[in-house]
Amino acid sequence: MSTTVWIILAGAAMTYLTRVGGHLVLSQFQRIHPRVQAGLDAVPAAVLTTLFAPALFNAGWPELAAMIVAGLVALRGGLMAMFTTGAAVLIAGRYLIG
């Protein structure tokens, strides 16, 4: 197998192990402290910010257009509509603008 396949398999295994490990650790507690729960609830927003912010400052016109459209769709639509619309605008923008 190629190096790329091994890297993908190793990444998948590590992702699985971290998720299972987190579940096993948290399942040992009867109750989770409210501060821990608040921290866990903040993780998705933190991850989204770390992905979004660099792309915003280093983006070209197709990326900026996709972010604006996805943001507008997020105000009214659901999560899947936001991702689908943003991806469609990004693909179209990269195809048309280059």
# chains A, B, ... in the order shown; residues from 1 in each chain; ligands from 1
$ closest_atom_pairs --of "segment 48-69 of chain A" --to "segment 88-94 of chain A" --cutoff "9 Å" --atoms "only C-alpha atoms" --output "tab-separated table"
residue	atom	partner	partner_atom	distance
A:Trp61	CA	A:Gly93	CA	7.7
A:Pro62	CA	A:Gly93	CA	4.6
A:Glu63	CA	A:Leu90	CA	5.9
A:Leu64	CA	A:Leu90	CA	8.6
A:Ala65	CA	A:Val89	CA	7.1
A:Ala66	CA	A:Leu90	CA	5.1
A:Met67	CA	A:Leu90	CA	8.4
A:Val69	CA	A:Val89	CA	7.6
$ write_last_selection --atoms "C-alpha atoms" --output "PDB file, in the first residue's frame"
ATOM      1  CA  TRP A  61     -12.953  35.895  -4.146  1.00  0.00           C
ATOM      2  CA  PRO A  62     -14.535  32.419  -4.476  1.00  0.00           C
ATOM      3  CA  GLU A  63     -13.863  31.614  -0.812  1.00  0.00           C
ATOM      4  CA  LEU A  64     -15.162  34.975   0.403  1.00  0.00           C
ATOM      5  CA  ALA A  65     -18.314  34.626  -1.693  1.00  0.00           C
ATOM      6  CA  ALA A  66     -18.894  31.103  -0.342  1.00  0.00           C
ATOM      7  CA  MET A  67     -18.457  32.285   3.257  1.00  0.00           C
ATOM      8  CA  VAL A  69     -23.504  33.031   1.113  1.00  0.00           C
TER       9      VAL A  69
END
$ select_by_dssp --residues "segment 9-72 of chain A" --states "helix (DSSP H, G or I)" --output "ChimeraX atom specification"
/A:9-26,34-57,61-72
$ atom_distance --atom1 "atom CA of Gly22 of chain A" --atom2 "atom CA of Val36 of chain A"
12.7 Å
$ atom_distance --atom1 "atom CA of Ile97 of chain A" --atom2 "atom CA of Thr85 of chain A"
17.5 Å
$ atom_distance --atom1 "atom CA of Leu26 of chain A" --atom2 "atom CA of Val43 of chain A"
15.4 Å
